[in-house]
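Participant: Structure: query16.cif, mmCIF, C-alpha atoms and all ligand atoms; chains and numbers go by the auth columns.
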data_protein
loop_
_atom_site.group_PDB
_atom_site.id
_atom_site.type_symbol
_atom_site.label_atom_id
_atom_site.label_comp_id
_atom_site.label_asym_id
_atom_site.label_seq_id
_atom_site.Cartn_x
_atom_site.Cartn_y
_atom_site.Cartn_z
_atom_site.B_iso_or_equiv
_atom_site.auth_seq_id
_atom_site.auth_asym_id
ATOM 1 C CA MET A 1 21.639 -39.524 -16.329 0.00 1 A
ATOM 2 C CA ALA A 2 22.158 -35.900 -15.378 0.00 2 A
ATOM 3 C CA LEU A 3 25.171 -35.264 -13.182 0.00 3 A
ATOM 4 C CA TYR A 4 23.121 -33.286 -10.681 0.00 4 A
ATOM 5 C CA SER A 5 19.691 -34.064 -9.246 0.00 5 A
ATOM 6 C CA LYS A 6 16.740 -31.728 -9.703 0.00 6 A
ATOM 7 C CA LYS A 7 16.996 -30.775 -6.021 0.00 7 A
ATOM 8 C CA VAL A 8 20.667 -29.806 -6.361 0.00 8 A
ATOM 9 C CA MET A 9 19.815 -27.633 -9.368 0.00 9 A
ATOM 10 C CA GLU A 10 16.903 -26.023 -7.501 0.00 10 A
ATOM 11 C CA HIS A 11 19.042 -25.152 -4.488 0.00 11 A
ATOM 12 C CA PHE A 12 21.925 -23.983 -6.658 0.00 12 A
ATOM 13 C CA THR A 13 19.851 -21.735 -8.931 0.00 13 A
ATOM 14 C CA ASN A 14 17.566 -20.514 -6.140 0.00 14 A
ATOM 15 C CA PRO A 15 19.500 -20.912 -2.886 0.00 15 A
ATOM 16 C CA GLN A 16 17.586 -20.421 0.368 0.00 16 A
ATOM 17 C CA ASN A 17 18.817 -18.449 3.401 0.00 17 A
ATOM 18 C CA VAL A 18 21.622 -16.602 1.627 0.00 18 A
ATOM 19 C CA GLY A 19 23.111 -13.672 3.480 0.00 19 A
ATOM 20 C CA LYS A 20 24.423 -12.547 6.796 0.00 20 A
ATOM 21 C CA ILE A 21 22.762 -12.155 10.204 0.00 21 A
ATOM 22 C CA GLU A 22 23.790 -8.995 12.011 0.00 22 A
ATOM 23 C CA ASN A 23 24.290 -9.740 15.721 0.00 23 A
ATOM 24 C CA ALA A 24 24.306 -13.481 15.086 0.00 24 A
ATOM 25 C CA ASP A 25 24.539 -15.723 18.160 0.00 25 A
ATOM 26 C CA GLY A 26 26.994 -18.032 16.436 0.00 26 A
ATOM 27 C CA VAL A 27 29.147 -17.831 13.322 0.00 27 A
ATOM 28 C CA GLY A 28 31.065 -20.686 11.749 0.00 28 A
ATOM 29 C CA GLU A 29 33.518 -20.474 8.889 0.00 29 A
ATOM 30 C CA VAL A 30 35.252 -23.382 7.235 0.00 30 A
ATOM 31 C CA GLY A 31 37.263 -23.890 4.106 0.00 31 A
ATOM 32 C CA ASN A 32 38.453 -26.763 2.015 0.00 32 A
ATOM 33 C CA ALA A 33 42.198 -26.504 1.512 0.00 33 A
ATOM 34 C CA LYS A 34 42.121 -28.511 -1.725 0.00 34 A
ATOM 35 C CA CYS A 35 39.508 -26.602 -3.728 0.00 35 A
ATOM 36 C CA GLY A 36 39.796 -23.308 -1.833 0.00 36 A
ATOM 37 C CA ASP A 37 36.052 -23.015 -1.261 0.00 37 A
ATOM 38 C CA ILE A 38 34.824 -21.201 1.840 0.00 38 A
ATOM 39 C CA MET A 39 31.514 -21.424 3.688 0.00 39 A
ATOM 40 C CA LYS A 40 30.221 -19.191 6.448 0.00 40 A
ATOM 41 C CA ILE A 41 27.094 -19.899 8.518 0.00 41 A
ATOM 42 C CA TYR A 42 25.276 -17.487 10.852 0.00 42 A
ATOM 43 C CA LEU A 43 22.849 -18.631 13.566 0.00 43 A
ATOM 44 C CA LYS A 44 20.206 -16.754 15.513 0.00 44 A
ATOM 45 C CA VAL A 45 19.226 -18.856 18.517 0.00 45 A
ATOM 46 C CA ASN A 46 16.444 -18.078 21.018 0.00 46 A
ATOM 47 C CA ASP A 47 16.512 -18.696 24.776 0.00 47 A
ATOM 48 C CA ASP A 48 15.068 -22.185 24.300 0.00 48 A
ATOM 49 C CA GLY A 49 17.936 -23.191 22.027 0.00 49 A
ATOM 50 C CA ILE A 50 15.798 -23.051 18.894 0.00 50 A
ATOM 51 C CA ILE A 51 17.470 -21.824 15.712 0.00 51 A
ATOM 52 C CA GLU A 52 15.148 -18.997 14.747 0.00 52 A
ATOM 53 C CA ASP A 53 17.183 -17.937 11.755 0.00 53 A
ATOM 54 C CA VAL A 54 20.159 -19.180 9.797 0.00 54 A
ATOM 55 C CA LYS A 55 21.959 -17.672 6.849 0.00 55 A
ATOM 56 C CA PHE A 56 24.987 -18.570 4.788 0.00 56 A
ATOM 57 C CA ASN A 57 27.587 -17.158 2.445 0.00 57 A
ATOM 58 C CA THR A 58 29.455 -19.622 0.322 0.00 58 A
ATOM 59 C CA PHE A 59 32.302 -18.873 -2.029 0.00 59 A
ATOM 60 C CA GLY A 60 32.337 -22.170 -3.764 0.00 60 A
ATOM 61 C CA CYS A 61 31.057 -24.596 -6.310 0.00 61 A
ATOM 62 C CA ALA A 62 27.463 -25.419 -7.196 0.00 62 A
ATOM 63 C CA SER A 63 27.429 -28.420 -4.853 0.00 63 A
ATOM 64 C CA ALA A 64 28.711 -26.334 -1.946 0.00 64 A
ATOM 65 C CA ILE A 65 26.012 -23.720 -2.540 0.00 65 A
ATOM 66 C CA ALA A 66 23.276 -26.355 -2.876 0.00 66 A
ATOM 67 C CA SER A 67 24.587 -28.132 0.255 0.00 67 A
ATOM 68 C CA SER A 68 24.622 -24.891 2.275 0.00 68 A
ATOM 69 C CA SER A 69 21.123 -24.027 1.133 0.00 69 A
ATOM 70 C CA MET A 70 19.756 -27.477 1.976 0.00 70 A
ATOM 71 C CA ALA A 71 21.605 -27.658 5.315 0.00 71 A
ATOM 72 C CA THR A 72 20.196 -24.289 6.430 0.00 72 A
ATOM 73 C CA CYS A 73 16.680 -25.429 5.432 0.00 73 A
ATOM 74 C CA LEU A 74 17.136 -28.608 7.459 0.00 74 A
ATOM 75 C CA ILE A 75 18.148 -26.839 10.689 0.00 75 A
ATOM 76 C CA LYS A 76 15.972 -23.722 10.579 0.00 76 A
ATOM 77 C CA GLY A 77 13.391 -23.881 13.370 0.00 77 A
ATOM 78 C CA LYS A 78 15.138 -26.858 14.940 0.00 78 A
ATOM 79 C CA HIS A 79 16.846 -27.157 18.323 0.00 79 A
ATOM 80 C CA ILE A 80 20.641 -26.799 18.538 0.00 80 A
ATOM 81 C CA SER A 81 20.834 -30.477 19.531 0.00 81 A
ATOM 82 C CA GLU A 82 19.312 -31.398 16.161 0.00 82 A
ATOM 83 C CA ALA A 83 21.672 -29.076 14.270 0.00 83 A
ATOM 84 C CA ILE A 84 24.749 -30.771 15.732 0.00 84 A
ATOM 85 C CA ALA A 85 23.320 -34.143 14.726 0.00 85 A
ATOM 86 C CA LEU A 86 23.012 -33.096 11.079 0.00 86 A
ATOM 87 C CA SER A 87 25.437 -35.129 9.013 0.00 87 A
ATOM 88 C CA ASN A 88 26.706 -34.445 5.530 0.00 88 A
ATOM 89 C CA LYS A 89 25.050 -37.744 4.597 0.00 89 A
ATOM 90 C CA ALA A 90 21.649 -36.340 5.568 0.00 90 A
ATOM 91 C CA VAL A 91 22.353 -33.258 3.441 0.00 91 A
ATOM 92 C CA VAL A 92 23.310 -35.428 0.462 0.00 92 A
ATOM 93 C CA GLU A 93 20.183 -37.562 0.907 0.00 93 A
ATOM 94 C CA ALA A 94 17.973 -34.490 1.092 0.00 94 A
ATOM 95 C CA LEU A 95 19.558 -33.296 -2.166 0.00 95 A
ATOM 96 C CA ASP A 96 18.786 -36.685 -3.773 0.00 96 A
ATOM 97 C CA GLY A 97 22.495 -37.366 -4.058 0.00 97 A
ATOM 98 C CA LEU A 98 25.708 -35.705 -5.166 0.00 98 A
ATOM 99 C CA PRO A 99 28.379 -37.047 -7.521 0.00 99 A
ATOM 100 C CA ALA A 100 31.049 -38.938 -5.552 0.00 100 A
ATOM 101 C CA VAL A 101 33.708 -36.316 -6.300 0.00 101 A
ATOM 102 C CA LYS A 102 31.421 -33.674 -4.803 0.00 102 A
ATOM 103 C CA ILE A 103 30.668 -35.322 -1.459 0.00 103 A
ATOM 104 C CA HIS A 104 33.333 -33.186 0.230 0.00 104 A
ATOM 105 C CA CYS A 105 31.239 -30.103 -0.609 0.00 105 A
ATOM 106 C CA SER A 106 28.468 -31.375 1.674 0.00 106 A
ATOM 107 C CA VAL A 107 31.043 -31.995 4.409 0.00 107 A
ATOM 108 C CA LEU A 108 31.740 -28.249 4.413 0.00 108 A
ATOM 109 C CA ALA A 109 28.084 -27.600 5.322 0.00 109 A
ATOM 110 C CA GLU A 110 28.166 -30.030 8.249 0.00 110 A
ATOM 111 C CA GLU A 111 31.437 -28.569 9.495 0.00 111 A
ATOM 112 C CA ALA A 112 30.326 -24.941 9.141 0.00 112 A
ATOM 113 C CA ILE A 113 27.183 -25.617 11.201 0.00 113 A
ATOM 114 C CA LYS A 114 29.244 -27.355 13.903 0.00 114 A
ATOM 115 C CA GLU A 115 31.669 -24.419 14.029 0.00 115 A
ATOM 116 C CA ALA A 116 28.749 -21.991 14.340 0.00 116 A
ATOM 117 C CA VAL A 117 27.292 -24.034 17.210 0.00 117 A
ATOM 118 C CA LYS A 118 30.678 -24.097 18.967 0.00 118 A
ATOM 119 C CA ASP A 119 30.860 -20.309 18.590 0.00 119 A
ATOM 120 C CA TYR A 120 27.337 -20.028 20.025 0.00 120 A
ATOM 121 C CA TYR A 121 28.299 -22.194 23.030 0.00 121 A
ATOM 122 C CA ASP A 122 31.489 -20.183 23.591 0.00 122 A
ATOM 123 C CA ARG A 123 29.677 -16.862 23.472 0.00 123 A
ATOM 124 C CA LYS A 124 27.018 -18.098 25.920 0.00 124 A
ATOM 125 C CA GLY A 125 29.533 -19.810 28.197 0.00 125 A
ATOM 126 C CA ILE A 126 27.820 -23.166 27.645 0.00 126 A
ATOM 127 C CA LYS A 127 29.990 -26.210 28.353 0.00 127 A
ATOM 128 C CA TYR A 128 30.027 -28.915 25.686 0.00 128 A
ATOM 129 C CA ASP A 129 31.631 -32.196 24.843 0.00 129 A
ATOM 130 C CA PRO A 130 34.312 -31.410 22.220 0.00 130 A
ATOM 131 C CA GLU A 131 33.695 -34.763 20.504 0.00 131 A
ATOM 132 C CA THR A 132 29.918 -34.857 20.239 0.00 132 A
ATOM 133 C CA LEU A 133 29.238 -31.135 20.809 0.00 133 A
ATOM 134 C CA ALA A 134 26.481 -32.191 23.202 0.00 134 A
ATOM 135 C CA GLU A 135 25.735 -29.642 25.882 0.00 135 A
ATOM 136 C CA ILE A 136 27.062 -30.540 29.340 0.00 136 A
ATOM 137 C CA LYS A 137 24.549 -29.657 32.000 0.00 137 A
ATOM 138 C CA ASP A 138 25.828 -29.128 35.553 0.00 138 A
HETATM 139 FE FE1 LIG B . 35.091 -27.258 -3.176 0.00 201 B
HETATM 140 FE FE2 LIG B . 32.758 -28.101 -3.901 0.00 201 B
HETATM 141 S S1 LIG B . 34.582 -28.201 -5.045 0.00 201 B
HETATM 142 S S2 LIG B . 33.320 -27.285 -1.994 0.00 201 B
#
Using structure tokens, write down the structure from this file.
Ligand code: FES
Facilitator:
Amino acid sequence: MALYSKKVMEHFTNPQNVGKIENADGVGEVGNAKCGDIMKIYLKVNDDGIIEDVKFNTFGCASAIASSSMATCLIKGKHISEAIALSNKAVVEALDGLPAVKIHCSVLAEEAIKEAVKDYYDRKGIKYDPETLAEIKD
């Protein structure tokens, strides 16, 4: 059996949403101390909380690039509340699996999105639960 699924290869060789958003509403950057890989996610969010655009830059392995690409596809056009609910497990499932030693690469994608959402909340002055990242309405 091939080490990587067809979906992983597709998203690695032809990654979606690569780049940077000028004047992004939220930016999240995370790194993995062990492998040294870095992932940066940019969000453009409209007044209704819908993610109109999302881009990423990843300095990392094939799995990290495929995970970033898939994660951005999964949250584009969705509400912020759906983006914070995205788990690395959902990213792995959408990629039709990752080798066990590469699961941490998908964790980077989940974490980078959460950091970008936190940045968005901070910039907008939106209060949120630090555990769940759910918006706290007054
Ligand atoms: Fe570091 Fe994949 S080996 S993110």
Participant: If you count all atoms listed in the file, which residues fall within 6 Å of Lys40 in chain A, apart from same-chain ones fewer than 6 positions away, as a list in words?
Facilitator: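 Here the qualifying residues turn out to be Gly28, Glu29, Phe56 and Asn57 of chain A.
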Participant: Leaving out Ile51 in chain A and any residue of its chain fewer than 5 positions from it, which residues lie within 12 Å of it when counting only C-alpha atoms, given as a list in words?
Facilitator: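 Once the nearby chain positions are removed, what remains is Ala24, Asp25, Gly26, Tyr42, Leu43, Lys44, Val45, Asn46, Thr72, Cys73, Leu74, Ile75, Lys76, Gly77, Lys78, His79, Ile80, Ser81, Glu82, Ala83, Ile84, Ile113, Ala116, Val117 and Tyr120 of chain A.
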Participant: As an exercise, work out the distance from atom FE2 of ligand LIG 201 (chain B) to CA of His104 in chain A in Å and give it to one decimal place.
Facilitator: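 Atom FE2 of ligand LIG 201 (chain B) sits 6.6 Å away from CA of His104 in chain A.
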Participant: Could you list the residues chosen by the PyMOL selection byres (((chain A and resi 71) around 10) and not hetatm) in this structure as a ChimeraX atom specification?
Facilitator: /A:16-17,54,56,65-70,72-76,83,86-88,90-92,94-95,106,109-110,112-113
Participant: Draw an axis-aligned box tight on the listed atoms of ligand LIG 201 (chain B), then pad every side by 5 Å and write out centre and edge lengths in Å to one decimal as lines of an AutoDock Vina configuration file.
Facilitator:
center_x = 33.9
center_y = -27.7
center_z = -3.5
size_x = 12.3
size_y = 10.9
size_z = 13.1
Participant: Find the nearest atom pair between each residue of chain A and ligand LIG 201 (chain B) for residues within 6 Å, count only C-alpha atoms and all ligand atoms, give distances in Å to one decimal, sort rows by chain and ascending number, and present the table as a tab-separated table.
Facilitator:
residue	atom	partner	partner_atom	distance
A:Cys35	CA	B:LIG201	FE1	4.5
A:Asp37	CA	B:LIG201	FE1	4.8
A:Gly60	CA	B:LIG201	S2	5.5
A:Cys61	CA	B:LIG201	FE2	4.6
A:Ser63	CA	B:LIG201	FE2	5.4
A:Ala64	CA	B:LIG201	S2	4.7
A:Lys102	CA	B:LIG201	FE2	5.8
A:Cys105	CA	B:LIG201	S2	3.8
Participant: Between CA of Val30 in chain A and CA of Ser5 in chain A, what is the spacing in Å?
Facilitator: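 Interatomic distance here is 25.1 Å.
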Participant: Between CA of Ala33 in chain A and CA of Ile103 in chain A, what is the distance, to one decimal in Å?
Facilitator: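 Separation of CA of Ala33 in chain A and CA of Ile103 in chain A: 14.8 Å.
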Participant: Starting from the shown file, work through the PyMOL selection byres (((chain A and resi 3) around 12) and not hetatm) and note down what comes out as a list in words.
Facilitator: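 When the PyMOL selection byres (((chain A and resi 3) around 12) and not hetatm) is applied, the selected residues are Met1, Ala2, Tyr4, Ser5, Lys6, Lys7, Val8, Met9, Ala62, Ser63, Asp96, Gly97, Leu98, Pro99, Ala100, Val101 and Lys102 of chain A.
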Participant: With C-alpha atoms retained, write the just-selected residues as a PDB file, keeping the file's coordinate frame.
Facilitator:
ATOM      1  CA  MET A   1      21.639 -39.524 -16.329  1.00  0.00           C
ATOM      2  CA  ALA A   2      22.158 -35.900 -15.378  1.00  0.00           C
ATOM      3  CA  TYR A   4      23.121 -33.286 -10.681  1.00  0.00           C
ATOM      4  CA  SER A   5      19.691 -34.064  -9.246  1.00  0.00           C
ATOM      5  CA  LYS A   6      16.740 -31.728  -9.703  1.00  0.00           C
ATOM      6  CA  LYS A   7      16.996 -30.775  -6.021  1.00  0.00           C
ATOM      7  CA  VAL A   8      20.667 -29.806  -6.361  1.00  0.00           C
ATOM      8  CA  MET A   9      19.815 -27.633  -9.368  1.00  0.00           C
ATOM      9  CA  ALA A  62      27.463 -25.419  -7.196  1.00  0.00           C
ATOM     10  CA  SER A  63      27.429 -28.420  -4.853  1.00  0.00           C
ATOM     11  CA  ASP A  96      18.786 -36.685  -3.773  1.00  0.00           C
ATOM     12  CA  GLY A  97      22.495 -37.366  -4.058  1.00  0.00           C
ATOM     13  CA  LEU A  98      25.708 -35.705  -5.166  1.00  0.00           C
ATOM     14  CA  PRO A  99      28.379 -37.047  -7.521  1.00  0.00           C
ATOM     15  CA  ALA A 100      31.049 -38.938  -5.552  1.00  0.00           C
ATOM     16  CA  VAL A 101      33.708 -36.316  -6.300  1.00  0.00           C
ATOM     17  CA  LYS A 102      31.421 -33.674  -4.803  1.00  0.00           C
TER      18      LYS A 102
END
Participant: Which residue out of A:Ala134, A:Ile21, A:Leu108, A:Ala85 has the minimum interatomic distance to Glu52 in chain A when all atoms listed in the file are used?
Facilitator: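 Distance minimum relative to Glu52 in chain A lands on A:Ile21.
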